[in-house]
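*Asks:* Sharing a structure here in C-alpha cells format.
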Amino acid sequence: MTYKSEYLSTLEARGYIHQLTDADAIDTRAAKPGLVAYVGFDLTGPSLHIGHLMSIMMLRRLQQHGGKPIALMGGGTTKVGDPSGKDTQRQLLDQATIDANKASIKRVFERFLTFGDGPSDAIMADNADWLDHLNYIEFLRDYGRHFSVNRMLSMDSVKLRLERDQPLSFIEFNYMVLQSYDFVELNRRYGCVMQMGGSDQWGNITQGIDLGRRVAGAELYGLTTPLITNADGSKMGKTANGAVWLNREQLPDWDYWQFWRNVDDRDVGRFLRLFTDMPEPEIRRLEALEGAEINDAKIALANAATTLCRGAEAAAASEATARATFAEGGAGEALPSFAVAGALPLVDALVLTGLAASKGEARRKLAENAVKVDGEGVTDPVALVSAPARLSLGKKRHALLTQG
RNA sequence: GGAGGGGUGGCCGAGCGGUCAAUGGCAGCAGACUGUAAAUCUGCCGGGUUUUCCCUACGUUGGUUCAAAUCCAACCCCCUCCA
C-alpha cells in the first residue's frame, strides 16, 4: 500500500505498521499538519526497555513529520494491571513505587522527543490525573454501559487467559475499560485522534475508538506495530542479564551499545530502519555488506541507536572501548570497573565483577578454560589477582579491577 | 457451600517412600569453528566448601518413618463442574 502522507509513508517504508483501523482516513488526516497521537506506557518498572522502543520511535517519527505526540504515563492503569499477554496477574505496585518509576521513565523520553507548548511539541500526560478520582457509579453509568461483556470476553487478552484456564481477576478485566476511557479523555483534552501501540494492544485500542464514537461522537483511529523478533525467531531484547533497559541506571551505556553491536547479521537493516534515523540510502549500503564487513554495519547501528538513547558521547566511548578491547586486546575505559584493595582470590573477583554469578560458577568457568586475566588464560581455582587487572570471561565479557 | 483436578528448579514438564539437587525439553553460560554473526558439535547449568562433605529447595505448616518431592493432617492458592 502506498500513502500520500509523509508520516505513513515513512512508517510503512521502515516497517512500523502492523495494522491500521482505517488506512485511508488516517492517511488523509496525517497528510494535514498537527496530527495528535498517543502511546500509553505502564509504569511497572523503573525503566522502559527495548520492547518499548518501537512505540517511542513511532512518537518520534510523528514529531519529525509535524505531528504532536503524547506519551501517556499509566500512573492510574498501572494500579490495575494489563492482562494482555500475561498468564497471571502481576504484583500490584504501591503508589511510591509507581511515582519513582514514573520519574525515572520520564527521563528517557526527553532524549527521543521535544517537549513544550508549541504545536508539534510533545506532551507528557498521566492517566492518574483523571482515573484516580473517578466516581464508580457515575463512571459505570456514563461509560460502563457502553461496554459489552460479551465482546470483552472475545478479546484475545481475556480469551487466551480463559482458554488456558488461567485466572483473570475482575480488576484486570477492567483494564481495557480504563484504557478506552483514556483515549476519550485525551481526545477531549488535547484533540488526540489516534492511539498507537504494539499488536497486543489492538483490542484495547479498538475498544477506545468505539467508546469515543459512542460517548463523544469522535472519529478516532488506531495503529499497531508488529512484534519484533530476532532473525532466529526469538523475542527481541533479551540478554544474559534480562531486558535491555533504556535507562542508564538499569543498563550501562557499554552494555547497551554491545547489545546492538551483537545483533544477528540478518537483522541489521531492519533494526537500522526501526531504531535509528539513518536515511534509507545509507541503510541500503550498510545492509548490503557481506562477510566480516557486515560488522561495520553493526557498529554503525550500535552508534546510531546508542546516540539516540544515551547520547553521542556514550556511543563514542563505547565504540572506542570496543576497539581497544576486541581489536587491540587491551581495555577501554567504558568497561565495567571495580575498585579493590590489595590482592584477592580470582574466584571472588569474578563474582564481584558480575562475570560469574557464584563462586561455584566461577570455579567451573576456570575449569572450562574460560577465564583470562590480562589476556592470559588461568585455570587455577585458587589463583589470586590484584589490581590493576583486566578480567575476561569468554571472549565478550570483560571487567576491570582498579586499585582502590 | 459441594464434587473433582492441580500447585516441582528462569519456563514447560517427569518423578509419586530410599539409588533425588530431582529425567527430558526450552532458555542461559562457556569451549571448538568464526567475523564480538548464524548454524553445528562439546561441556556446564541451586549455594558453599580444594568436593565421594555440608546447606537450601519440590505451595505453607505440622506429623508418620531409620529415611518424604513422594504417605497423613490442616491450611493457602488456582482450575473445572454443580449449588
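A note on labels: chains of the C-alpha cells are A, B, ... as shown, every chain counts residues from 1, and ligands are counted from 1 in their shown order.
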When you get a sec, could you note down which chain B residues fall within 7 Å of chain A, using only C-alpha atoms (C1' of nucleotides), as a PyMOL selection string?

*Replies:* chain B and resi 28+30-31+35-37+79

*Asks:* Determine, counting only C-alpha atoms (C1' of nucleotides), which protein, DNA and RNA residues have an atom within 9 Å of an atom of region 56-60 of chain A; residues of the same chain fewer than 4 positions away are not included. Present the result as an mmCIF file with C-alpha atoms, in the first residue's frame.

*Replies:*
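Result saved to out.cif:
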```cif
data_model
loop_
_atom_site.group_PDB
_atom_site.id
_atom_site.type_symbol
_atom_site.label_atom_id
_atom_site.label_comp_id
_atom_site.auth_asym_id
_atom_site.auth_seq_id
_atom_site.Cartn_x
_atom_site.Cartn_y
_atom_site.Cartn_z
ATOM 1 C CA LEU A 11 6.227 4.229 8.816
ATOM 2 C CA TYR A 16 6.477 0.014 11.721
ATOM 3 C CA ALA A 37 -1.497 10.690 18.590
ATOM 4 C CA TYR A 38 -0.584 8.879 21.758
ATOM 5 C CA VAL A 39 1.005 5.774 23.130
ATOM 6 C CA HIS A 52 9.007 -0.202 24.137
ATOM 7 C CA GLN A 64 9.537 14.594 12.786
ATOM 8 C CA HIS A 65 6.610 14.802 10.402
ATOM 9 C CA GLY A 67 2.536 15.799 14.375
ATOM 10 C CA LYS A 68 2.047 16.188 18.094
ATOM 11 C CA PRO A 69 2.960 13.129 20.143
ATOM 12 C CA ILE A 70 1.570 12.352 23.568
ATOM 13 C CA ALA A 71 3.412 9.990 25.868
ATOM 14 C CA PHE A 109 11.527 10.362 26.722
ATOM 15 C CA PHE A 112 13.601 10.934 21.909
ATOM 16 C CA LEU A 113 11.028 13.734 21.937
ATOM 17 C CA THR A 114 10.989 17.501 22.260
ATOM 18 C CA ALA A 122 5.339 16.554 22.687
ATOM 19 C CA MET A 196 -0.662 3.599 18.667
ATOM 20 C CA GLY A 197 0.850 0.594 20.346
ATOM 21 C CA THR A 225 3.262 -2.087 15.313
ATOM 22 C CA LEU A 274 13.292 0.843 13.034
ATOM 23 C CA PHE A 275 15.625 2.116 15.684
ATOM 24 C CA THR A 276 17.732 4.848 14.096
#
```

*Asks:* Which residues in region 56-278 of chain A does DSSP call strand (DSSP E or B)? List them as a ChimeraX atom specification.

*Replies:* /A:68-73,115,122-126,194-198,221-225,229,235,238-239,242-243,245

*Asks:* Please provide the set of residues having any atom within 6 Å of Ala339 (chain A), restricted to only C-alpha atoms (C1' of nucleotides), with same-chain residues fewer than 2 positions apart removed, written as an MDAnalysis selection string.

*Replies:* chainID A and resid 401:404

*Asks:* Just list the residues in region 68-194 of chain A DSSP gives alpha helix (DSSP H) on the backbone, as a PyMOL selection string.

*Replies:* chain A and resi 95-112+128-131+136-142+149-154+156-163+170-173+175-190

*Asks:* Which residue gives the smallest distance to Ser104 (chain A) among A:Gly191, A:Pro336, A:Gly81, A:Pro46, with only C-alpha atoms counted?

*Replies:*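 Result for the nearest residue to Ser104 (chain A): A:Pro46.
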
*Asks:* Grab the CA of Phe139 (chain A) to CA of Tyr181 (chain A) distance for me, in Å with one decimal place.

*Replies:*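 One can read the CA of Phe139 (chain A) to CA of Tyr181 (chain A) distance as 9.8 Å.
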
*Asks:* Skipping near chain neighbours, those fewer than 3 positions away, what residues fall within 8 Å of G7 (chain B) using only C-alpha atoms (C1' of nucleotides), listed as a VMD selection string?

*Replies:* chain B and resid 59 77 to 78

*Asks:* Near C55 (chain B), counting only C-alpha atoms (C1' of nucleotides), which residues have an atom at most 12 Å away, once you skip same-chain residues fewer than 4 positions from it, shown as JSON, numbers by chain?

*Replies:* {"B": [21, 46, 47, 48, 49]}

*Asks:* If we count only C-alpha atoms (C1' of nucleotides), what is near G18 (chain B) at a cut-off of 12 Å, once residues fewer than 6 positions away on the same chain are taken out, given as a PyMOL selection string?

*Replies:* chain B and resi 65-68+70

*Asks:* Keeping only C-alpha atoms (C1' of nucleotides), write those residues as a short mmCIF file (atom, residue, chain, number, x, y, z; two decimals), in the first residue's frame.

*Replies:*
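Result saved to again-v9.cif:
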```cif
data_model
loop_
_atom_site.label_atom_id
_atom_site.label_comp_id
_atom_site.auth_asym_id
_atom_site.auth_seq_id
_atom_site.Cartn_x
_atom_site.Cartn_y
_atom_site.Cartn_z
"C1'" U B 65 9.16 -43.08 59.17
"C1'" C B 66 15.83 -45.09 60.25
"C1'" A B 67 14.52 -42.30 55.53
"C1'" A B 68 9.42 -37.95 52.33
"C1'" U B 70 6.88 -38.88 47.12
#
```

*Asks:* Ile17 (chain A): which residues within 12 Å, counting only C-alpha atoms (C1' of nucleotides), same-chain residues fewer than 6 positions away excluded, as a ChimeraX atom specification?

*Replies:* /A:1,7-11,23,54-55,58,196-199,222-228,274

*Asks:* Please compute the CA of Ala315 (chain A)-CA of Arg111 (chain A) distance, one decimal, in Å.

*Replies:*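 Computing it gives 13.9 Å between the two atoms.
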
*Asks:* Measure the distance from CA of Arg273 (chain A) to CA of Ala13 (chain A) in Å and round it to one decimal.

*Replies:*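 Going from CA of Arg273 (chain A) over to CA of Ala13 (chain A), I get 8.4 Å.
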